[in-house]
$ cat query.csv   # CSV, C-alpha atoms
chain,number,residue,atom,x,y,z
H,1,MET,CA,39.5,-12.9,52.2
H,2,THR,CA,36.7,-10.7,53.6
H,3,THR,CA,33.1,-10.9,52.6
H,4,THR,CA,33.4,-7.5,50.8
H,5,ALA,CA,36.3,-8.8,48.7
H,6,HIS,CA,34.3,-11.9,47.8
H,7,HIS,CA,31.4,-9.7,46.6
H,8,GLN,CA,33.8,-7.5,44.6
H,9,VAL,CA,35.3,-10.5,42.9
H,10,GLY,CA,31.9,-11.9,42.1
H,11,ASP,CA,30.7,-8.6,40.7
H,12,GLN,CA,33.8,-8.4,38.5
H,13,ARG,CA,33.2,-11.9,37.2
H,14,LYS,CA,29.5,-11.1,36.5
H,15,ARG,CA,30.5,-7.9,34.6
H,16,ALA,CA,33.1,-9.9,32.6
H,17,ARG,CA,30.5,-12.5,31.7
H,18,GLY,CA,28.1,-9.8,30.8
H,19,VAL,CA,30.7,-8.1,28.5
H,20,LEU,CA,31.5,-11.4,26.8
H,21,GLY,CA,27.9,-12.3,26.5
H,22,ASN,CA,27.1,-8.9,24.8
H,23,THR,CA,30.1,-9.2,22.6
H,24,GLY,CA,29.0,-12.6,21.4
H,25,LEU,CA,25.5,-11.4,20.9
H,26,TYR,CA,26.7,-8.5,18.7
H,27,VAL,CA,29.0,-10.7,16.7
H,28,SER,CA,26.2,-13.2,16.1
H,29,VAL,CA,23.7,-10.5,15.1
H,30,GLY,CA,26.4,-9.0,12.8
H,31,VAL,CA,27.1,-12.3,11.1
H,32,ALA,CA,23.4,-13.0,10.7
H,33,ALA,CA,22.9,-9.5,9.2
H,34,LEU,CA,25.7,-10.1,6.7
H,35,LEU,CA,24.2,-13.4,5.7
H,36,PHE,CA,20.8,-11.8,5.3
H,37,LEU,CA,22.3,-9.1,3.0
H,38,VAL,CA,24.3,-11.4,0.8
H,39,PRO,CA,21.3,-12.1,-1.6
H,40,PHE,CA,20.7,-8.4,-1.9
H,41,TYR,CA,24.3,-7.8,-2.7
H,42,LEU,CA,24.3,-10.5,-5.4
H,43,ILE,CA,21.2,-9.0,-6.9
H,44,VAL,CA,22.7,-5.5,-7.1
H,45,ARG,CA,26.1,-6.8,-8.2
H,46,ASN,CA,24.7,-8.8,-11.0
H,47,ALA,CA,22.2,-6.1,-12.0
H,48,LEU,CA,25.1,-3.8,-12.8
H,49,SER,CA,27.2,-6.4,-14.6
H,50,THR,CA,27.2,-7.9,-18.1
H,51,ASP,CA,26.2,-11.5,-18.8
H,52,PRO,CA,29.8,-12.7,-19.3
H,53,GLU,CA,30.7,-11.1,-15.9
H,54,ILE,CA,27.8,-12.9,-14.2
H,55,THR,CA,28.4,-16.4,-15.7
H,56,GLY,CA,32.2,-16.1,-16.3
H,57,GLU,CA,34.8,-18.0,-14.3
H,58,ASN,CA,36.7,-14.9,-13.2
H,59,TRP,CA,34.2,-13.8,-10.6
H,60,LYS,CA,34.8,-10.2,-9.3
H,61,LEU,CA,33.5,-8.8,-6.0
H,62,LEU,CA,32.5,-5.5,-7.5
H,63,PRO,CA,30.5,-5.1,-10.7
H,64,SER,CA,31.5,-3.0,-13.7
H,65,PHE,CA,28.6,-0.7,-13.0
H,66,GLN,CA,26.7,-1.0,-16.2
H,67,TRP,CA,24.2,1.7,-15.6
H,68,ALA,CA,23.0,1.3,-19.1
H,69,ASN,CA,21.2,-1.9,-18.0
H,70,ILE,CA,18.5,0.4,-16.4
H,71,SER,CA,17.7,2.1,-19.7
H,72,GLU,CA,17.9,-1.2,-21.6
H,73,LEU,CA,15.3,-2.7,-19.2
H,74,PHE,CA,12.8,0.1,-19.6
H,75,ASP,CA,13.4,0.4,-23.3
H,76,ASP,CA,12.9,-3.3,-24.1
H,77,PRO,CA,10.1,-3.4,-26.7
H,78,THR,CA,9.1,-7.0,-25.8
H,79,VAL,CA,8.5,-6.3,-22.1
H,80,GLU,CA,6.7,-3.2,-20.9
H,81,PHE,CA,8.4,-3.3,-17.5
H,82,GLY,CA,7.3,0.2,-16.5
H,83,ARG,CA,3.7,-0.7,-17.2
H,84,SER,CA,4.1,-3.9,-15.3
H,85,MET,CA,5.4,-2.0,-12.2
H,86,VAL,CA,2.3,0.3,-12.4
H,87,ASN,CA,0.0,-2.8,-12.7
H,88,SER,CA,1.6,-4.5,-9.7
H,89,LEU,CA,1.3,-1.3,-7.7
H,90,VAL,CA,-2.4,-0.8,-8.6
H,91,VAL,CA,-3.2,-4.5,-7.9
H,92,ALA,CA,-1.2,-4.6,-4.6
H,93,VAL,CA,-2.6,-1.4,-3.2
H,94,SER,CA,-6.2,-2.2,-4.2
H,95,THR,CA,-6.0,-5.7,-2.9
H,96,THR,CA,-4.5,-4.5,0.4
H,97,LEU,CA,-7.2,-1.8,0.9
H,98,GLY,CA,-10.0,-4.1,-0.1
H,99,THR,CA,-8.8,-7.0,2.0
H,100,LEU,CA,-8.5,-4.7,5.1
H,101,LEU,CA,-12.1,-3.5,4.6
H,102,VAL,CA,-13.8,-6.8,3.8
H,103,CYS,CA,-11.9,-9.0,6.2
H,104,SER,CA,-12.0,-6.5,9.1
H,105,LEU,CA,-15.7,-6.1,8.7
H,106,ALA,CA,-16.2,-9.9,8.6
H,107,GLY,CA,-13.9,-10.4,11.6
H,108,TYR,CA,-15.7,-7.6,13.5
H,109,GLY,CA,-19.1,-9.1,12.8
H,110,LEU,CA,-18.0,-12.5,13.9
H,111,ALA,CA,-16.5,-11.2,17.1
H,112,ARG,CA,-19.0,-8.6,18.2
H,113,ILE,CA,-22.4,-8.9,16.5
H,114,PRO,CA,-24.6,-11.4,18.4
H,115,TYR,CA,-25.9,-14.1,16.0
H,116,LYS,CA,-26.9,-17.6,16.9
H,117,HIS,CA,-25.1,-19.0,13.8
H,118,ALA,CA,-21.9,-16.9,14.2
H,119,ASN,CA,-19.8,-19.9,15.3
H,120,LYS,CA,-21.0,-22.0,12.4
H,121,VAL,CA,-20.1,-19.2,10.0
H,122,PHE,CA,-16.7,-18.9,11.7
H,123,TYR,CA,-16.1,-22.6,11.3
H,124,ALA,CA,-17.1,-22.4,7.7
H,125,VAL,CA,-14.5,-19.6,7.2
H,126,LEU,CA,-11.9,-21.8,8.9
H,127,ALA,CA,-12.8,-24.7,6.6
H,128,THR,CA,-11.8,-22.7,3.6
H,129,LEU,CA,-8.2,-22.7,4.9
H,130,MET,CA,-8.1,-26.4,4.4
H,131,VAL,CA,-9.2,-26.2,0.7
H,132,PRO,CA,-6.1,-26.3,-1.6
H,133,THR,CA,-5.8,-23.3,-3.9
H,134,ALA,CA,-5.6,-25.7,-6.9
H,135,VAL,CA,-9.1,-26.9,-6.2
H,136,THR,CA,-10.7,-23.5,-6.6
H,137,PHE,CA,-8.3,-22.2,-9.3
H,138,VAL,CA,-10.2,-23.5,-12.4
H,139,PRO,CA,-13.7,-22.6,-11.1
H,140,SER,CA,-12.4,-19.1,-10.3
H,141,PHE,CA,-10.9,-18.7,-13.7
H,142,VAL,CA,-14.2,-19.9,-15.4
H,143,LEU,CA,-16.2,-17.4,-13.3
H,144,VAL,CA,-13.8,-14.5,-14.1
H,145,SER,CA,-13.7,-15.4,-17.7
H,146,SER,CA,-17.5,-15.6,-18.0
H,147,LEU,CA,-17.7,-12.1,-16.5
H,148,GLY,CA,-15.3,-10.8,-19.1
H,149,TRP,CA,-12.7,-9.8,-16.5
H,150,VAL,CA,-9.7,-11.4,-18.3
H,151,ASP,CA,-6.9,-8.8,-18.9
H,152,THR,CA,-8.6,-6.4,-16.5
H,153,TYR,CA,-7.8,-5.0,-13.0
H,154,ARG,CA,-11.1,-6.4,-11.8
H,155,GLY,CA,-10.0,-9.9,-12.7
H,156,LEU,CA,-6.7,-9.4,-11.0
H,157,ILE,CA,-8.0,-7.8,-7.8
H,158,ILE,CA,-11.6,-8.8,-6.9
H,159,PRO,CA,-11.1,-12.7,-6.6
H,160,GLY,CA,-8.3,-12.1,-4.0
H,161,LEU,CA,-10.1,-9.6,-1.8
H,162,PHE,CA,-11.3,-12.1,0.8
H,163,SER,CA,-8.9,-14.2,2.8
H,164,GLY,CA,-10.1,-16.7,5.4
H,165,PHE,CA,-6.8,-16.5,7.3
H,166,THR,CA,-7.0,-12.7,7.5
H,167,CYS,CA,-10.6,-12.8,8.6
H,168,PHE,CA,-9.5,-15.2,11.4
H,169,LEU,CA,-6.7,-12.8,12.5
H,170,PHE,CA,-9.1,-9.9,12.6
H,171,ARG,CA,-11.7,-11.9,14.6
H,172,GLN,CA,-9.0,-12.9,17.2
H,173,TYR,CA,-7.9,-9.4,17.5
H,174,PHE,CA,-11.4,-7.9,17.9
H,175,LEU,CA,-12.2,-10.5,20.6
H,176,GLY,CA,-9.4,-8.9,22.7
H,177,PHE,CA,-10.4,-5.3,21.9
H,178,PRO,CA,-11.8,-3.5,25.0
H,179,LYS,CA,-15.6,-3.7,25.0
H,180,GLU,CA,-15.8,-0.7,27.3
H,181,LEU,CA,-14.9,1.7,24.4
H,182,GLU,CA,-17.6,0.3,22.2
H,183,GLU,CA,-20.2,0.4,25.0
H,184,ALA,CA,-19.3,4.1,25.5
H,185,ALA,CA,-19.8,4.7,21.8
H,186,ARG,CA,-23.2,3.0,21.9
H,187,VAL,CA,-24.2,5.2,24.8
H,188,ASP,CA,-23.5,8.2,22.5
H,189,GLY,CA,-25.8,6.7,19.9
H,190,LEU,CA,-23.4,4.9,17.6
H,191,GLY,CA,-24.4,1.6,16.0
H,192,TYR,CA,-22.1,-1.3,15.1
H,193,TRP,CA,-20.9,0.5,12.0
H,194,GLY,CA,-20.2,3.8,13.9
H,195,ALA,CA,-18.4,2.0,16.7
H,196,TYR,CA,-16.3,0.1,14.1
H,197,TRP,CA,-15.4,3.1,12.0
H,198,ARG,CA,-15.0,5.8,14.7
H,199,ILE,CA,-13.7,3.7,17.7
H,200,VAL,CA,-12.3,0.4,16.7
H,201,VAL,CA,-10.4,1.3,13.5
H,202,PRO,CA,-8.6,4.4,14.9
H,203,ASN,CA,-7.5,2.4,18.0
H,204,SER,CA,-6.3,-0.6,15.9
H,205,LEU,CA,-4.0,1.1,13.4
H,206,ASN,CA,-1.0,-0.9,14.6
H,207,PHE,CA,-2.8,-4.2,13.8
H,208,PHE,CA,-4.2,-2.9,10.5
H,209,ALA,CA,-0.6,-1.8,9.5
H,210,ALA,CA,0.7,-5.3,10.2
H,211,ILE,CA,-2.0,-7.0,8.1
H,212,ALA,CA,-1.5,-4.4,5.4
H,213,THR,CA,2.2,-5.2,5.2
H,214,ILE,CA,1.6,-9.0,4.9
H,215,THR,CA,-1.2,-8.5,2.3
H,216,PHE,CA,0.8,-6.0,0.2
H,217,ILE,CA,3.9,-8.3,0.0
H,218,SER,CA,1.7,-11.3,-0.9
H,219,ALA,CA,-0.2,-9.4,-3.6
H,220,TRP,CA,3.0,-8.0,-5.0
H,221,ASN,CA,4.7,-11.4,-5.2
H,222,SER,CA,1.6,-13.2,-6.6
H,223,PHE,CA,2.5,-15.0,-9.8
H,224,LEU,CA,0.1,-17.8,-10.9
H,225,TRP,CA,-3.2,-16.0,-10.9
H,226,PRO,CA,-1.8,-12.9,-12.7
H,227,LEU,CA,-0.2,-15.3,-15.2
H,228,VAL,CA,-3.5,-16.8,-16.1
H,229,ILE,CA,-5.6,-13.6,-16.0
H,230,GLY,CA,-3.1,-11.2,-17.5
H,231,GLN,CA,-2.8,-12.7,-20.9
H,232,ASP,CA,-2.0,-9.5,-22.8
H,233,PRO,CA,1.4,-8.0,-22.1
H,234,SER,CA,-0.2,-4.7,-21.2
H,235,SER,CA,-1.9,-6.3,-18.2
H,236,TRP,CA,1.2,-8.2,-16.9
H,237,THR,CA,2.3,-7.6,-13.4
H,238,VAL,CA,6.0,-7.3,-12.5
H,239,GLN,CA,6.3,-11.0,-11.6
H,240,ILE,CA,5.1,-12.0,-15.1
H,241,ALA,CA,7.5,-9.5,-16.6
H,242,LEU,CA,10.4,-11.0,-14.7
H,243,SER,CA,9.6,-14.5,-16.0
H,244,SER,CA,9.6,-13.2,-19.6
H,245,PHE,CA,13.3,-12.6,-19.5
H,246,MET,CA,13.9,-16.4,-19.3
H,247,THR,CA,12.9,-18.4,-22.4
H,248,ASN,CA,13.8,-21.7,-23.9
H,249,GLN,CA,16.3,-20.0,-26.2
H,250,THR,CA,18.0,-17.3,-24.1
H,251,VAL,CA,18.3,-16.1,-20.6
H,252,ASN,CA,19.0,-12.4,-20.1
H,253,PHE,CA,20.8,-12.6,-16.8
H,254,HIS,CA,21.6,-8.9,-16.4
H,255,LEU,CA,18.0,-7.9,-17.2
H,256,ILE,CA,16.6,-10.4,-14.8
H,257,PHE,CA,18.7,-9.1,-12.0
H,258,MET,CA,18.1,-5.5,-12.8
H,259,ALA,CA,14.4,-6.1,-13.0
H,260,THR,CA,14.5,-8.0,-9.7
H,261,ALA,CA,16.5,-5.2,-8.0
H,262,ILE,CA,13.9,-2.6,-9.1
H,263,SER,CA,10.9,-4.7,-8.3
H,264,ILE,CA,11.9,-5.3,-4.7
H,265,LEU,CA,12.3,-1.6,-3.9
H,266,PRO,CA,8.6,-1.1,-3.1
H,267,LEU,CA,8.6,-4.1,-0.8
H,268,VAL,CA,11.7,-2.8,1.0
H,269,PHE,CA,10.1,0.6,1.5
H,270,VAL,CA,6.9,-0.9,2.8
H,271,PHE,CA,8.6,-3.3,5.1
H,272,LEU,CA,11.0,-0.6,6.5
H,273,PHE,CA,8.1,1.8,7.1
H,274,LEU,CA,5.8,-0.7,8.7
H,275,GLN,CA,8.1,-3.3,10.3
H,276,ARG,CA,7.8,-2.1,13.9
H,277,TRP,CA,4.0,-2.9,13.7
H,278,LEU,CA,4.4,-6.3,12.1
H,279,VAL,CA,5.3,-8.5,15.0
H,280,GLN,CA,3.4,-6.4,17.5
H,281,GLY,CA,0.2,-6.6,15.5
H,282,ILE,CA,0.4,-10.3,14.8
H,283,ALA,CA,1.1,-11.0,18.5
H,284,GLN,CA,-2.1,-9.2,19.5
H,285,THR,CA,-4.2,-11.9,17.8
H,286,GLY,CA,-3.6,-14.2,20.7
H,287,ILE,CA,-5.0,-12.0,23.4
H,288,LYS,CA,-8.2,-13.9,23.7
H,289,GLY,CA,-9.5,-17.0,22.0

$ encode --input "query.csv" --output "structure tokens"
Amino acid sequence: MTTTAHHQVGDQRKRARGVLGNTGLYVSVGVAALLFLVPFYLIVRNALSTDPEITGENWKLLPSFQWANISELFDDPTVEFGRSMVNSLVVAVSTTLGTLLVCSLAGYGLARIPYKHANKVFYAVLATLMVPTAVTFVPSFVLVSSLGWVDTYRGLIIPGLFSGFTCFLFRQYFLGFPKELEEAARVDGLGYWGAYWRIVVPNSLNFFAAIATITFISAWNSFLWPLVIGQDPSSWTVQIALSSFMTNQTVNFHLIFMATAISILPLVFVFLFLQRWLVQGIAQTGIKG
């Protein structure tokens, strides 16, 4: 067999292995996607079913499409689910915006403003990550209660505006931000605030979007702090409203699943809209240590 024939056979084998490899990859990704979607299917299926259909022995693949479950959920006099959705939206959006502002300013100051104690302050911020939440929970509640912030948005939002981990991420990112851009801004007469607001922020929107995604999801799913602060039903967030459908006497399965299906919609929209910045933004924190 000639050398040309050997090359042709080798190319054919490589192409065959490539096709098999791609096929296996697509099959694996497809199976993983199906497994990922199973919980969402179960939530929607049970949300549109009755309690006997959910707990009965004769399990069906498709629900009976009980669309009345939606009106039953929002008309329930014991749980103001619509109000809880609004509360969660206000808390999550406010916490996200506040965290971005406070932590980005702190991270920028630690990364850029010359100060002989900057490293000590940074280590102190890192030390807060090693303090369990349970240790600060009671003092935080006592402080919020003494300020009269129980059952208010202030009590739900303000204590969670600063995050040591988010501050750390911003500092790591700003250490890798091109200094030349900021130096050019200072030549034009801008100070630290002007350079931050007009140069750094507009050129860091990808990273800000990634942090915003994580913060929004965390704030939306928060349970323990809103449970303690939101004592009146009118100040409940959606997670507290969800827990109210499960009591010692009864469990309203169809309402729990319907409320869950509706409550995850904002998270799905936020994640789908910002997902392409999520991994990219977090990866940029390791540019420079």

$ residues_around --input "query.csv" --residues "Gly164 in chain H" --least-positions-apart "4" --cutoff "7 Å" --atoms "all atoms listed in the file" --output "PDB file with C-alpha atoms, keeping the file's coordinate frame"
ATOM      1  CA  VAL H 125     -14.500 -19.600   7.200  1.00  0.00           C
ATOM      2  CA  LEU H 126     -11.900 -21.800   8.900  1.00  0.00           C
ATOM      3  CA  THR H 128     -11.800 -22.700   3.600  1.00  0.00           C
ATOM      4  CA  LEU H 129      -8.200 -22.700   4.900  1.00  0.00           C
ATOM      5  CA  PHE H 168      -9.500 -15.200  11.400  1.00  0.00           C
TER       6      PHE H 168
END

$ closest_residue --input "query.csv" --among "H:Leu34, H:Ala47, H:Ile113, H:Leu147" --to "Ala195 in chain H" --atoms "all atoms listed in the file"
H:Ile113

$ closest_residue --input "query.csv" --among "H:Leu37, H:Ile229, H:Val91, H:Val27" --to "Val144 in chain H" --atoms "all atoms listed in the file"
H:Ile229

$ closest_residue --input "query.csv" --among "H:Leu169, H:Val44, H:Leu61, H:Ile262" --to "Ile211 in chain H" --atoms "only C-alpha atoms"
H:Leu169

$ closest_residue --input "query.csv" --among "H:Leu110, H:Leu274, H:Leu48, H:Val200" --to "Phe216 in chain H" --atoms "only C-alpha atoms"
H:Leu274

$ atom_distance --input "query.csv" --atom1 "CA of Val251 in chain H" --atom2 "CA of Pro226 in chain H"
21.8 Å

$ closest_residue --input "query.csv" --among "H:Ser163, H:Ser88, H:Thr95, H:Ser140" --to "Phe223 in chain H" --atoms "only C-alpha atoms"
H:Ser88

$ atom_distance --input "query.csv" --atom1 "CA of Glu183 in chain H" --atom2 "CA of Ala111 in chain H"
14.5 Å
